[in-house]
Amino acid sequence: MNLVRIKEERDIVVARSAAKKIAQEMGFGLVDQTRISTAVSELARNIYLYAGQGEVHIEADCNPRSGLRITFTDQGPGIADIKLAMTDGWSSVKSMGKGLPGAARLSDHMEIQSELGKGTTVIIEKWLPE
Amino acid sequence: MSEKGIKNFNKRIEAIEEILAAAAGGDFAAQIDIDMDAADLLTSVETGINLLIADLGEEVQESRKRADDLAEKLELIEKQRKAIEELSTPIIKIWDEVLVLPLIGALDTRRSQKLTESLLTEIALTQSKIAILDITGVPGVDSAVANHLLKTVSSVKLLGAHCVVTGIRPEVAQTIVHLGVDLSDVETLSNLSEGLKWAFRHLKLMAEARKS
Amino acid sequence: MLESNSIPILKLKEFLIVSIQTDLHDRMAEQLQYDILNRISETSAKGVLIDISALEMVDSFIGRTLADTAKMAATLDADIVIVGMNPAVAITLVELGLSLEGVYTALNLDEGYELLQKITTADGEDIQNPDSEDSVVEDMNEPGSD
Ligand SMILES: Nc1ncnc2c1ncn2[C@@H]1O[C@H](COP(=O)(O)OP(=O)(O)OP(=O)(O)O)[C@@H](O)[C@H]1O
Ligand SMILES: [Mg+2]
């Protein structure tokens, strides 16, 4: 299962379990598996909370190193100020503001593209240790 | 068909093309056969190409060798780094429920993550209540290192064990305060023997509380 | 995997024991918080042990729900001890940026039970100041002052 649609709250669990399973099959250690499933949980929840629905795409193998690339897309409201949203502790809804910066710390690479009124795409990568 | 004054023009051009194609493919061994007795306009071009290819071949060979050397050295460094990493992170079960981790060498993100992982695994495995991190052997304790230590201490706490950091040299204490790193939540002691005393006092306290 | 929506809460003398055996989705975590607080007020329990050794992941939502539950329980005069967190979960939680300050933790149920006994008997007795030198609960993973 490489594509998980996020429509309801339970889909967050489906997405993180799917990512963990793939990570395990790829040979990631237990701590990395946990980092991956936790990051997925945060970003999938953001889709559910802020965009209502969207998709999580999990791919093995990414250039230039082998690993996992996970893409989160939604057609929600978009993020006005990405830098602000990435600030540890900043939240537009008085939550903890840990999701985006935390997911960045848990992965090896993260990028965000967002356009107001159009939607948001977040990509994270986790590489297998050499 | 032949150009004026040039013999076997088509054939020789074909030969040049072949040699160039071989060189492009990485084969610099082949050379154009040159008939010196029948030198004409094309002969100088042929000689030039031969020289160029010979030079190119040498250079490529040399840079390949350099790349190989470099890769070999990198591999060696990597091997040594791993060996040092393993050597320098023993976890000693010094007493029932007490682990000591004498840290030696620089603490970067990668190493401190690995350390934390093995320490936590060991704590869970032995159900040890106390972990003593001795940083006497860590050079250059800056805010990055202090933050690594803080993370280790926090995760040990989450497991339900206690962490003490020992071996804080005076200059390290100075740096930490100057850098504004807040270690107030961390039990810190000057040396390992103080740490052990702390551990025993702590275990005794817990045992006494159990009796009463 | 247990698919029922409620996690059993057992009573043992003056304590409650909860063992989370399933991957928690958000609503379930909220339900658990609600159930624990209700059981505390019904039974006047003095403490709650929450065993999370089977939890493979704690994200910001579950982490915050656990920490909030501990704070809410404290206002009902009950202490919560989180027991048996996995190493991988602890490492990830700290990297995520949550250290569950203010939450008691223990290695296993036995330790958690002892800790609960100590902190609940200490409550209201001579140990007002957890930092005092001869306090029995000195440094027993007591919640931070914030
Ligand atoms: N997919 C998204 N679409 C629109 N806005 C988003 C999206 N993801 C994040 N945001 C915005 O970025 C802010 C920061 O997100 P982040 O996940 O870091 O924190 P949070 O969700 O507010 O709190 P926490 O995740 O700690 O509960 C959010 O408050 C929200 O305004
Ligand atoms: Mg979030």
# chains A, B, ... in the order shown; residues from 1 in each chain; ligands from 1
>>> residues_near_ligand(ligand="ligand 1", cutoff="9 Å", atoms="only C-alpha atoms and all ligand atoms", output="PyMOL selection string")
(chain A and resi 42-52+54+72-82+84-103+114+116+119-122) or (chain C and resi 60-61+64)
>>> select_by_dssp(residues="chain B", states="strand (DSSP E or B)", output="mmCIF file with N, CA and C atoms, in the first residue's frame")
data_model
loop_
_atom_site.group_PDB
_atom_site.id
_atom_site.type_symbol
_atom_site.label_atom_id
_atom_site.label_comp_id
_atom_site.auth_asym_id
_atom_site.auth_seq_id
_atom_site.Cartn_x
_atom_site.Cartn_y
_atom_site.Cartn_z
ATOM 1 N N ILE B 92 29.060 0.160 30.884
ATOM 2 C CA ILE B 92 29.471 -0.743 31.949
ATOM 3 C C ILE B 92 28.381 -0.860 32.994
ATOM 4 N N LYS B 93 28.008 -2.093 33.248
ATOM 5 C CA LYS B 93 27.057 -2.301 34.345
ATOM 6 C C LYS B 93 27.874 -2.408 35.618
ATOM 7 N N ILE B 94 27.979 -1.301 36.325
ATOM 8 C CA ILE B 94 28.931 -1.222 37.410
ATOM 9 C C ILE B 94 28.357 -1.793 38.703
ATOM 10 N N TRP B 95 27.076 -1.826 38.777
ATOM 11 C CA TRP B 95 26.394 -2.317 39.969
ATOM 12 C C TRP B 95 25.012 -2.727 39.534
ATOM 13 N N VAL B 98 22.825 -0.029 38.044
ATOM 14 C CA VAL B 98 23.589 1.194 37.758
ATOM 15 C C VAL B 98 24.483 0.992 36.520
ATOM 16 N N LEU B 99 24.310 1.832 35.510
ATOM 17 C CA LEU B 99 25.153 1.770 34.314
ATOM 18 C C LEU B 99 26.072 2.985 34.267
ATOM 19 N N VAL B 100 27.308 2.760 33.788
ATOM 20 C CA VAL B 100 28.218 3.888 33.593
ATOM 21 C C VAL B 100 28.609 3.962 32.127
ATOM 22 N N LEU B 101 28.570 5.158 31.585
ATOM 23 C CA LEU B 101 28.921 5.381 30.192
ATOM 24 C C LEU B 101 30.064 6.394 30.134
ATOM 25 N N PRO B 102 31.309 5.901 30.077
ATOM 26 C CA PRO B 102 32.420 6.853 30.000
ATOM 27 C C PRO B 102 32.589 7.321 28.563
ATOM 28 N N LEU B 103 32.259 8.580 28.300
ATOM 29 C CA LEU B 103 32.323 9.093 26.931
ATOM 30 C C LEU B 103 33.727 9.601 26.620
ATOM 31 N N ILE B 104 34.274 9.108 25.508
ATOM 32 C CA ILE B 104 35.600 9.562 25.104
ATOM 33 C C ILE B 104 35.530 10.031 23.656
ATOM 34 N N ILE B 130 19.675 3.709 37.150
ATOM 35 C CA ILE B 130 20.536 4.889 37.100
ATOM 36 C C ILE B 130 21.579 4.758 35.991
ATOM 37 N N ALA B 131 21.756 5.824 35.236
ATOM 38 C CA ALA B 131 22.805 5.866 34.218
ATOM 39 C C ALA B 131 23.721 7.045 34.517
ATOM 40 N N ILE B 132 25.016 6.765 34.606
ATOM 41 C CA ILE B 132 25.976 7.846 34.842
ATOM 42 C C ILE B 132 26.714 8.131 33.541
ATOM 43 N N LEU B 133 26.573 9.349 33.037
ATOM 44 C CA LEU B 133 27.280 9.752 31.815
ATOM 45 C C LEU B 133 28.520 10.518 32.245
ATOM 46 N N ASP B 134 29.694 9.938 32.024
ATOM 47 C CA ASP B 134 30.905 10.644 32.413
ATOM 48 C C ASP B 134 31.521 11.314 31.195
ATOM 49 N N ILE B 135 31.599 12.642 31.228
ATOM 50 C CA ILE B 135 32.061 13.368 30.040
ATOM 51 C C ILE B 135 33.490 13.898 30.192
ATOM 52 N N THR B 136 34.241 13.316 31.156
ATOM 53 C CA THR B 136 35.627 13.747 31.347
ATOM 54 C C THR B 136 36.403 13.725 30.030
ATOM 55 N N GLY B 137 36.142 12.711 29.195
ATOM 56 C CA GLY B 137 36.925 12.538 27.983
ATOM 57 C C GLY B 137 36.341 13.209 26.750
ATOM 58 N N HIS B 162 17.081 7.306 35.874
ATOM 59 C CA HIS B 162 17.672 8.605 36.207
ATOM 60 C C HIS B 162 19.031 8.726 35.558
ATOM 61 N N CYS B 163 19.379 9.948 35.215
ATOM 62 C CA CYS B 163 20.645 10.166 34.555
ATOM 63 C C CYS B 163 21.462 11.192 35.333
ATOM 64 N N VAL B 164 22.746 10.878 35.538
ATOM 65 C CA VAL B 164 23.641 11.840 36.174
ATOM 66 C C VAL B 164 24.775 12.109 35.198
ATOM 67 N N VAL B 165 25.143 13.371 35.052
ATOM 68 C CA VAL B 165 26.281 13.694 34.198
ATOM 69 C C VAL B 165 27.460 14.046 35.095
ATOM 70 N N THR B 166 28.559 13.321 34.938
ATOM 71 C CA THR B 166 29.732 13.600 35.764
ATOM 72 C C THR B 166 30.913 13.998 34.878
ATOM 73 N N GLU B 187 21.061 16.466 36.724
ATOM 74 C CA GLU B 187 21.935 16.225 37.865
ATOM 75 C C GLU B 187 23.373 16.209 37.359
ATOM 76 N N THR B 188 24.176 17.181 37.808
ATOM 77 C CA THR B 188 25.565 17.209 37.350
ATOM 78 C C THR B 188 26.494 17.140 38.558
ATOM 79 N N LEU B 189 27.579 16.379 38.410
ATOM 80 C CA LEU B 189 28.541 16.237 39.499
ATOM 81 C C LEU B 189 29.942 16.335 38.927
#
>>> closest_atom_pairs(of="chain A", to="chain C", cutoff="7 Å", atoms="only C-alpha atoms", output="JSON lines")
{"residue": "A:Arg10", "atom": "CA", "partner": "C:His25", "partner_atom": "CA", "distance": 6.2}
{"residue": "A:Val13", "atom": "CA", "partner": "C:His25", "partner_atom": "CA", "distance": 6.2}
{"residue": "A:Leu30", "atom": "CA", "partner": "C:Ala88", "partner_atom": "CA", "distance": 6.6}
{"residue": "A:Val31", "atom": "CA", "partner": "C:Ala88", "partner_atom": "CA", "distance": 4.6}
{"residue": "A:Thr34", "atom": "CA", "partner": "C:Met57", "partner_atom": "CA", "distance": 6.2}
{"residue": "A:Arg35", "atom": "CA", "partner": "C:Thr92", "partner_atom": "CA", "distance": 5.6}
{"residue": "A:Thr38", "atom": "CA", "partner": "C:Asp59", "partner_atom": "CA", "distance": 5.5}
{"residue": "A:Ser41", "atom": "CA", "partner": "C:Asp59", "partner_atom": "CA", "distance": 6.9}
{"residue": "A:Glu42", "atom": "CA", "partner": "C:Asp59", "partner_atom": "CA", "distance": 6.9}
{"residue": "A:Lys98", "atom": "CA", "partner": "C:Gly97", "partner_atom": "CA", "distance": 6.6}
{"residue": "A:Gly102", "atom": "CA", "partner": "C:Leu96", "partner_atom": "CA", "distance": 4.3}
{"residue": "A:Ala103", "atom": "CA", "partner": "C:Leu96", "partner_atom": "CA", "distance": 6.9}
{"residue": "A:Arg105", "atom": "CA", "partner": "C:Glu95", "partner_atom": "CA", "distance": 6.5}
{"residue": "A:Leu106", "atom": "CA", "partner": "C:Glu95", "partner_atom": "CA", "distance": 6.5}
>>> atom_distance(atom1="atom CA of Glu55 of chain A", atom2="atom CA of Gln113 of chain A")
14.7 Å
>>> closest_residue(among="B:Ser143, B:Leu41, B:Lys114, B:Leu203", to="Asp182 of chain B", atoms="only C-alpha atoms")
B:Ser143
>>> closest_residue(among="A:Ile12, A:His57, A:Lys118, A:Leu3", to="ligand 2", atoms="only C-alpha atoms and all ligand atoms")
A:Ile12
>>> closest_residue(among="A:Gln24, A:Val40, A:Asn2, A:Val14", to="ligand 2", atoms="only C-alpha atoms and all ligand atoms")
A:Val40
